[in-house]
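A.B. asks: File name run-v8.cif; file contents mmCIF, C-alpha atoms; full text below.
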data_my_file
loop_
_atom_site.label_atom_id
_atom_site.label_comp_id
_atom_site.auth_asym_id
_atom_site.auth_seq_id
_atom_site.Cartn_x
_atom_site.Cartn_y
_atom_site.Cartn_z
CA MET V 1395 5.66 -10.15 34.53
CA LEU V 1396 4.09 -8.32 31.59
CA ASP V 1397 4.93 -4.73 32.42
CA TYR V 1398 6.14 -3.14 29.17
CA GLU V 1399 3.84 -0.14 29.61
CA LYS V 1400 5.01 0.66 33.14
CA LYS V 1401 7.86 2.81 31.82
CA TYR V 1402 5.41 5.09 30.02
CA TYR V 1403 2.98 5.96 32.79
CA GLY V 1404 3.53 9.45 34.12
CA LYS V 1405 2.37 13.03 34.00
CA ASP V 1406 1.51 12.96 30.27
CA ILE V 1407 0.40 9.34 29.97
CA ALA V 1408 -2.34 8.07 32.24
CA PHE V 1409 -4.29 5.77 29.91
CA ILE V 1410 -2.65 3.23 27.58
CA ALA V 1411 -4.75 1.19 25.16
CA GLY V 1412 -3.53 -2.27 24.22
CA CYS V 1413 -4.64 -3.87 20.94
CA ASP V 1414 -4.46 -7.38 19.57
CA GLU V 1415 -6.36 -9.69 17.25
CA ALA V 1416 -7.31 -13.34 16.99
CA GLY V 1417 -7.97 -15.33 13.86
CA ARG V 1418 -5.44 -14.39 11.19
CA GLY V 1419 -4.69 -17.97 10.23
CA PRO V 1420 -8.05 -19.80 10.04
CA LEU V 1421 -9.72 -20.68 6.75
CA ALA V 1422 -13.15 -19.70 8.08
CA GLY V 1423 -14.79 -17.13 10.28
CA PRO V 1424 -13.93 -13.54 11.11
CA VAL V 1425 -10.82 -11.94 12.48
CA VAL V 1426 -11.59 -10.38 15.86
CA ALA V 1427 -9.68 -7.44 17.32
CA ALA V 1428 -9.86 -6.00 20.81
CA ALA V 1429 -8.73 -2.80 22.46
CA VAL V 1430 -8.53 -2.42 26.23
CA ILE V 1431 -7.40 0.15 28.77
CA MET V 1432 -6.47 -1.44 32.09
CA PRO V 1433 -5.79 0.60 35.24
CA SER V 1434 -2.08 1.38 35.58
CA ASP V 1435 -2.06 -0.14 39.08
CA PHE V 1436 -3.95 -3.32 38.16
CA GLN V 1437 -2.00 -6.55 37.76
CA ASN V 1438 -2.83 -10.22 37.47
CA GLU V 1439 0.01 -12.71 37.22
CA GLU V 1440 -2.12 -15.19 35.28
CA VAL V 1441 -2.55 -12.85 32.31
CA ASN V 1442 -0.45 -13.94 29.35
CA ASP V 1443 -0.53 -14.28 25.58
CA SER V 1444 -3.90 -15.97 24.99
CA LYS V 1445 -2.27 -18.71 22.90
CA LYS V 1446 -0.33 -19.84 25.97
CA LEU V 1447 -3.43 -20.25 28.13
CA THR V 1448 -5.95 -23.05 28.38
CA ASP V 1449 -9.49 -22.36 27.29
CA ARG V 1450 -10.63 -22.54 30.91
CA LYS V 1451 -7.98 -20.06 32.06
CA ARG V 1452 -8.75 -17.68 29.16
CA ARG V 1453 -12.44 -17.65 30.04
CA LYS V 1454 -11.73 -16.97 33.69
CA LEU V 1455 -9.42 -14.07 32.77
CA PHE V 1456 -11.90 -12.83 30.16
CA GLU V 1457 -14.37 -12.05 32.95
CA ILE V 1458 -11.70 -10.58 35.25
CA ILE V 1459 -10.46 -8.25 32.48
CA LYS V 1460 -13.97 -7.04 31.64
CA GLU V 1461 -14.75 -6.43 35.31
CA ASN V 1462 -11.57 -4.42 35.94
CA ALA V 1463 -10.98 -2.61 32.63
CA ILE V 1464 -11.37 1.14 32.44
CA ALA V 1465 -12.72 0.54 28.94
CA TYR V 1466 -12.70 -2.24 26.36
CA ALA V 1467 -14.15 -2.87 22.91
CA VAL V 1468 -14.16 -5.66 20.37
CA ALA V 1469 -14.45 -5.43 16.58
CA ILE V 1470 -15.42 -8.27 14.24
CA ILE V 1471 -14.24 -8.20 10.62
CA ASP V 1472 -16.02 -10.78 8.50
CA ALA V 1473 -14.63 -13.19 5.93
CA ASP V 1474 -15.91 -11.17 2.96
CA THR V 1475 -13.99 -8.12 4.13
CA ILE V 1476 -10.88 -10.24 4.72
CA ASP V 1477 -11.12 -11.46 1.12
CA LYS V 1478 -11.62 -7.92 -0.14
CA ILE V 1479 -8.79 -6.11 1.67
CA ASN V 1480 -6.54 -9.03 2.84
CA ILE V 1481 -6.03 -10.35 6.35
CA TYR V 1482 -3.30 -7.88 7.32
CA GLU V 1483 -5.47 -4.86 6.49
CA ALA V 1484 -8.50 -6.54 8.05
CA SER V 1485 -6.55 -7.00 11.29
CA ARG V 1486 -5.52 -3.34 11.21
CA LEU V 1487 -9.11 -2.28 10.49
CA GLY V 1488 -10.28 -4.35 13.44
CA MET V 1489 -7.85 -2.70 15.83
CA GLU V 1490 -8.70 0.78 14.58
CA THR V 1491 -12.42 0.06 14.89
CA ALA V 1492 -12.04 -1.32 18.41
CA LEU V 1493 -10.11 1.80 19.45
CA ARG V 1494 -12.85 4.05 18.04
CA ASN V 1495 -15.41 2.12 20.06
CA LEU V 1496 -13.58 2.40 23.39
CA ASN V 1497 -15.54 5.48 24.48
CA HIS V 1498 -12.67 6.60 26.67
CA LYS V 1499 -9.65 8.80 26.07
CA TYR V 1500 -6.22 7.21 25.80
CA ASP V 1501 -2.79 8.80 25.66
CA MET V 1502 -0.90 6.03 23.87
CA VAL V 1503 -1.54 2.79 22.00
CA LEU V 1504 0.47 -0.43 22.17
CA THR V 1505 -0.22 -3.07 19.51
CA ASP V 1506 1.00 -6.55 18.81
CA TYR V 1507 3.28 -5.54 15.93
CA MET V 1508 0.62 -3.68 13.96
CA PRO V 1509 1.25 -0.09 12.81
CA LEU V 1510 -1.91 2.02 12.97
CA LEU V 1511 -2.26 4.81 10.46
CA HIS V 1512 -4.98 7.10 11.75
CA GLU V 1513 -4.23 7.62 15.43
CA GLN V 1514 -3.60 11.06 16.92
CA VAL V 1515 -1.54 9.62 19.78
CA ASN V 1516 1.75 7.74 19.76
CA VAL V 1517 1.42 4.11 18.61
CA GLU V 1518 4.09 1.55 19.38
CA ALA V 1519 3.92 -1.70 17.41
CA ILE V 1520 5.76 -4.27 19.54
CA ALA V 1521 7.10 -7.55 18.18
CA LYS V 1522 5.52 -10.35 20.25
CA GLY V 1523 3.71 -7.63 22.17
CA ASP V 1524 1.27 -10.09 23.72
CA THR V 1525 4.19 -11.63 25.62
CA LYS V 1526 5.51 -8.26 26.86
CA SER V 1527 2.63 -5.85 27.43
CA PHE V 1528 -0.11 -6.42 30.00
CA ASN V 1529 -2.67 -4.40 28.07
CA ILE V 1530 -1.91 -6.19 24.79
CA ALA V 1531 -2.15 -9.59 26.51
CA CYS V 1532 -5.52 -8.57 27.97
CA ALA V 1533 -6.68 -7.55 24.49
CA SER V 1534 -5.51 -10.88 23.09
CA ILE V 1535 -7.64 -12.73 25.63
CA LEU V 1536 -10.73 -10.64 24.87
CA ALA V 1537 -10.27 -11.20 21.13
CA LYS V 1538 -9.57 -14.93 21.40
CA VAL V 1539 -12.51 -15.80 23.65
CA THR V 1540 -14.89 -13.65 21.59
CA ARG V 1541 -13.78 -15.35 18.37
CA ASP V 1542 -13.94 -18.84 19.87
CA ASP V 1543 -17.52 -18.20 20.95
CA LEU V 1544 -18.44 -17.03 17.45
CA MET V 1545 -17.01 -20.24 15.99
CA ILE V 1546 -18.91 -22.33 18.55
CA GLU V 1547 -22.12 -20.62 17.39
CA LEU V 1548 -21.21 -21.36 13.76
CA ASP V 1549 -20.72 -25.00 14.73
CA LYS V 1550 -24.37 -25.16 15.77
CA LYS V 1551 -25.40 -24.04 12.29
CA TYR V 1552 -22.82 -26.10 10.39
CA PRO V 1553 -21.99 -29.08 12.63
CA GLU V 1554 -20.54 -31.10 9.77
CA TYR V 1555 -17.48 -28.80 9.59
CA GLY V 1556 -16.38 -29.20 13.23
CA PHE V 1557 -15.89 -25.48 13.92
CA LYS V 1558 -16.32 -26.01 17.67
CA LYS V 1559 -13.22 -28.18 17.72
CA HIS V 1560 -10.82 -26.45 15.31
CA LYS V 1561 -12.23 -22.88 15.30
CA GLY V 1562 -11.82 -22.63 11.52
CA TYR V 1563 -8.14 -23.57 11.31
CA GLY V 1564 -6.99 -25.87 8.52
CA THR V 1565 -6.95 -29.14 10.44
CA LYS V 1566 -7.31 -32.53 8.78
CA GLN V 1567 -10.95 -32.68 9.89
CA HIS V 1568 -11.68 -29.25 8.43
CA LEU V 1569 -9.94 -29.94 5.12
CA GLU V 1570 -11.83 -33.22 4.76
CA ALA V 1571 -15.12 -31.42 5.43
CA LEU V 1572 -14.23 -28.82 2.81
CA GLU V 1573 -13.60 -31.57 0.28
CA LYS V 1574 -16.89 -33.27 1.11
CA TYR V 1575 -19.25 -30.32 1.60
CA GLY V 1576 -17.52 -27.41 -0.13
CA ALA V 1577 -16.88 -23.90 1.18
CA ILE V 1578 -19.61 -21.95 2.97
CA PRO V 1579 -20.25 -18.55 1.30
CA HIS V 1580 -19.47 -15.58 3.56
CA ILE V 1581 -17.93 -17.92 6.17
CA HIS V 1582 -14.93 -19.46 4.43
CA ARG V 1583 -12.17 -17.13 3.26
CA GLN V 1584 -12.23 -17.56 -0.49
CA THR V 1585 -8.74 -16.10 -1.01
CA TYR V 1586 -7.05 -18.59 1.34
CA ALA V 1587 -5.22 -21.31 -0.57
CA PRO V 1588 -7.07 -24.45 0.63
CA VAL V 1589 -10.40 -22.78 -0.18
CA SER V 1590 -9.35 -21.20 -3.49
CA ASN V 1591 -7.63 -24.44 -4.53
CA LEU V 1592 -10.86 -26.30 -3.86
CA LYS V 1593 -12.76 -23.87 -6.09
CA CYS V 1594 -10.23 -24.36 -8.89
CA LYS V 1595 -10.50 -28.13 -8.48
CA GLN V 1596 -14.28 -27.95 -8.72
CA LEU V 1597 -14.10 -25.83 -11.88
CA THR V 1598 -11.91 -28.41 -13.61
CA LEU V 1599 -14.63 -31.03 -13.11
CA PHE V 1600 -16.94 -29.21 -15.53
#
Starting from the file, lay out its structure as structure tokens.
C.D. replies:
Amino acid sequence: MLDYEKKYYGKDIAFIAGCDEAGRGPLAGPVVAAAVIMPSDFQNEEVNDSKKLTDRKRRKLFEIIKENAIAYAVAIIDADTIDKINIYEASRLGMETALRNLNHKYDMVLTDYMPLLHEQVNVEAIAKGDTKSFNIACASILAKVTRDDLMIELDKKYPEYGFKKHKGYGTKQHLEALEKYGAIPHIHRQTYAPVSNLKCKQLTLF
């Protein structure tokens, strides 16, 4: 059972926000962060780290979380920003933005191992937090499903890259498409090695 936050609920802590992100590793697309406050007495045994769930299970839980959350928000940080400030800072920016957009007070924040610098409440960055904290796991599901849907939409615009299948990760199919069609401006992360290496390779041809 994911119940890390249970020990904190009490007189001074009624609302705990969990934060997580999806999309640090892909070569293309945004990083998506989510923040969510679940009721302290709400539990669902199917909730887990989004990476351990099937797509079908994630989507089912996505709706359950939204229906039962006290508040939730999602923030999308695009590839250009990732290239400008790096993926770690972009992930932090996403979490901080999602928290600002919650429109509900919270007494504490739990994150999946991400220190937050501008919060007025206590922030605990938990290693593998999405496998320990219910609220973080809920946030991970919101972030993952949101990002997957964005990549499915990108696939409609750029079907030759196969985004629907690999969601922007550096699979064989994706790398072959990069070689054949090149990187998409504002979609591919220009600072990521397979993309930057491709640019260097192209420059040497001239």
A.B. asks: Using all atoms listed in the file, which residues sit within 8 Å of segment 1486-1496 of chain V once same-chain residues fewer than 2 positions away are excluded, as a list in words?
C.D. replies: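 Result of the neighbour search: Ala1411, Cys1413, Asp1414, Glu1415, Val1425, Val1426, Ala1427, Ala1428, Ala1429, Val1430, Ala1465, Tyr1466, Ala1467, Val1468, Ala1469, Ile1470, Ile1471, Tyr1482, Glu1483, Ala1484, His1498, Lys1499, Met1508, Pro1509, Leu1510 and His1512 of chain V.
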A.B. asks: If you keep C-alpha atoms, can you produce a file of those selected residues as a short mmCIF file (atom, residue, chain, number, x, y, z; two decimals), in the frame of the given file?
C.D. replies:
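Saved result, result39.cif, follows:
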data_model
loop_
_atom_site.label_atom_id
_atom_site.label_comp_id
_atom_site.auth_asym_id
_atom_site.auth_seq_id
_atom_site.Cartn_x
_atom_site.Cartn_y
_atom_site.Cartn_z
CA ALA V 1411 -4.75 1.19 25.16
CA CYS V 1413 -4.64 -3.87 20.94
CA ASP V 1414 -4.46 -7.38 19.57
CA GLU V 1415 -6.36 -9.69 17.25
CA VAL V 1425 -10.82 -11.94 12.48
CA VAL V 1426 -11.59 -10.38 15.86
CA ALA V 1427 -9.68 -7.44 17.32
CA ALA V 1428 -9.86 -6.00 20.81
CA ALA V 1429 -8.73 -2.80 22.46
CA VAL V 1430 -8.53 -2.42 26.23
CA ALA V 1465 -12.72 0.54 28.94
CA TYR V 1466 -12.70 -2.24 26.36
CA ALA V 1467 -14.15 -2.87 22.91
CA VAL V 1468 -14.16 -5.66 20.37
CA ALA V 1469 -14.45 -5.43 16.58
CA ILE V 1470 -15.42 -8.27 14.24
CA ILE V 1471 -14.24 -8.20 10.62
CA TYR V 1482 -3.30 -7.88 7.32
CA GLU V 1483 -5.47 -4.86 6.49
CA ALA V 1484 -8.50 -6.54 8.05
CA HIS V 1498 -12.67 6.60 26.67
CA LYS V 1499 -9.65 8.80 26.07
CA MET V 1508 0.62 -3.68 13.96
CA PRO V 1509 1.25 -0.09 12.81
CA LEU V 1510 -1.91 2.02 12.97
CA HIS V 1512 -4.98 7.10 11.75
#
A.B. asks: Here is a test: counting all atoms listed in the file, which residue of V:Glu1461, V:Glu1570, V:Asp1477, V:Glu1399 is nearest to Ile1520 of chain V?
C.D. replies: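 Of the candidates, the smallest distance to Ile1520 of chain V is held by V:Glu1399.
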A.B. asks: Quick one: of V:Tyr1575, V:Tyr1586, V:Phe1456, V:Phe1409, who's nearest to Asn1442 of chain V, counting all atoms listed in the file?
C.D. replies: V:Phe1456
A.B. asks: Identify which of the residues V:Val1589, V:Val1503, V:Cys1532, V:Leu1396 lies closest to Leu1569 of chain V, counting all atoms listed in the file when measuring atom-to-atom distances.
C.D. replies: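 The shortest atom-to-atom distance to Leu1569 of chain V comes from V:Val1589.
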A.B. asks: Can I get the residues of segment 1463-1565 of chain V within 8 Å of segment 1404-1408 of chain V, each with the closest pair of atoms and their distance in Å to one decimal, using all atoms listed in the file, sorted chain first then ascending number, as a Markdown table?
C.D. replies:
| residue | atom | partner | partner_atom | distance |
| --- | --- | --- | --- | --- |
| V:Tyr1500 | CA | V:Ala1408 | CA | 7.6 |
| V:Asp1501 | CA | V:Ile1407 | CA | 5.4 |
| V:Met1502 | CA | V:Ile1407 | CA | 7.1 |
A.B. asks: Rounded to one decimal place, report the atom CA of Asp1542 of chain V-atom CA of Lys1558 of chain V distance in Å.
C.D. replies: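 Atom CA of Asp1542 of chain V sits 7.9 Å away from atom CA of Lys1558 of chain V.
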A.B. asks: Choose the residue, out of V:Ser1444, V:Glu1554, V:Leu1421, V:Thr1475, that has the smallest atom-to-atom separation from Pro1588 of chain V; count only C-alpha atoms.
C.D. replies: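 For Pro1588 of chain V, the nearest of the given residues is V:Leu1421.
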A.B. asks: Could you work out how far atom CA of Ile1479 of chain V lies from atom CA of Ile1578 of chain V, giving the answer in Å with one decimal?
C.D. replies: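 So the two atoms, atom CA of Ile1578 of chain V and atom CA of Ile1479 of chain V, lie 19.2 Å apart.
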A.B. asks: Enter the distance from atom CA of His1580 of chain V to atom CA of Glu1547 of chain V, in Å, rounded to one decimal.
C.D. replies: 15.0 Å
A.B. asks: When you count all atoms listed in the file, which of these residues is closest to Arg1450 of chain V: V:Val1539, V:Pro1433, V:Tyr1507, V:Arg1418?
C.D. replies: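 Under the stated criterion, the closest residue is V:Val1539.
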A.B. asks: Which one is closest to Gly1523 of chain V: V:Tyr1563, V:Tyr1555, V:Tyr1398, V:Tyr1403? Count all atoms listed in the file.
C.D. replies: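 Selected residue with least distance to Gly1523 of chain V: V:Tyr1398.
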A.B. asks: Could you expand the PyMOL selection byres ((chain V and resi 1583) around 10) into the explicit residues it covers here, written as a PyMOL selection string?
C.D. replies: chain V and resi 1420-1424+1472-1478+1480-1481+1562+1577-1582+1584-1590
A.B. asks: Could you list, as a list in words, every residue matched by the PyMOL selection byres ((chain V and resi 1458) around 12) in this structure?
C.D. replies: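 Given this file, the PyMOL selection byres ((chain V and resi 1458) around 12) evaluates to Met1432, Phe1436, Gln1437, Asn1438, Glu1440, Val1441, Lys1451, Arg1452, Arg1453, Lys1454, Leu1455, Phe1456, Glu1457, Ile1459, Lys1460, Glu1461, Asn1462, Ala1463, Cys1532, Ile1535 and Leu1536 of chain V.
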A.B. asks: How big is the axis-aligned box around the listed atoms of segment 1462-1471 of chain V once 4 Å is added on each side, and where is its centre? Give both in Å to one decimal, as AutoDock Vina command-line options.
C.D. replies:
--center_x -13.2 --center_y -3.6 --center_z 23.3 --size_x 12.4 --size_y 17.4 --size_z 33.3
A.B. asks: Could you expand the PyMOL selection byres ((chain V and resi 1518) around 7) into the explicit residues it covers here, written as a list of chain:residue names?
C.D. replies: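 Given this file, the PyMOL selection byres ((chain V and resi 1518) around 7) evaluates to V:Val1503, V:Leu1504, V:Thr1505, V:Asn1516, V:Val1517, V:Ala1519, V:Ile1520.
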A.B. asks: Need the shell around His1560 of chain V: protein/DNA/RNA residues with any atom at most 10 Å away, counting all atoms listed in the file. Skip same-chain ones fewer than 6 positions apart. Format as a tab-separated table (two decimals) with C-alpha atoms, in the coordinates of the input?
C.D. replies:
chain	number	residue	atom	x	y	z
V	1420	PRO	CA	-8.05	-19.80	10.04
V	1542	ASP	CA	-13.94	-18.84	19.87
V	1545	MET	CA	-17.01	-20.24	15.99
V	1546	ILE	CA	-18.91	-22.33	18.55
V	1566	LYS	CA	-7.31	-32.53	8.78
V	1567	GLN	CA	-10.95	-32.68	9.89
V	1568	HIS	CA	-11.68	-29.25	8.43
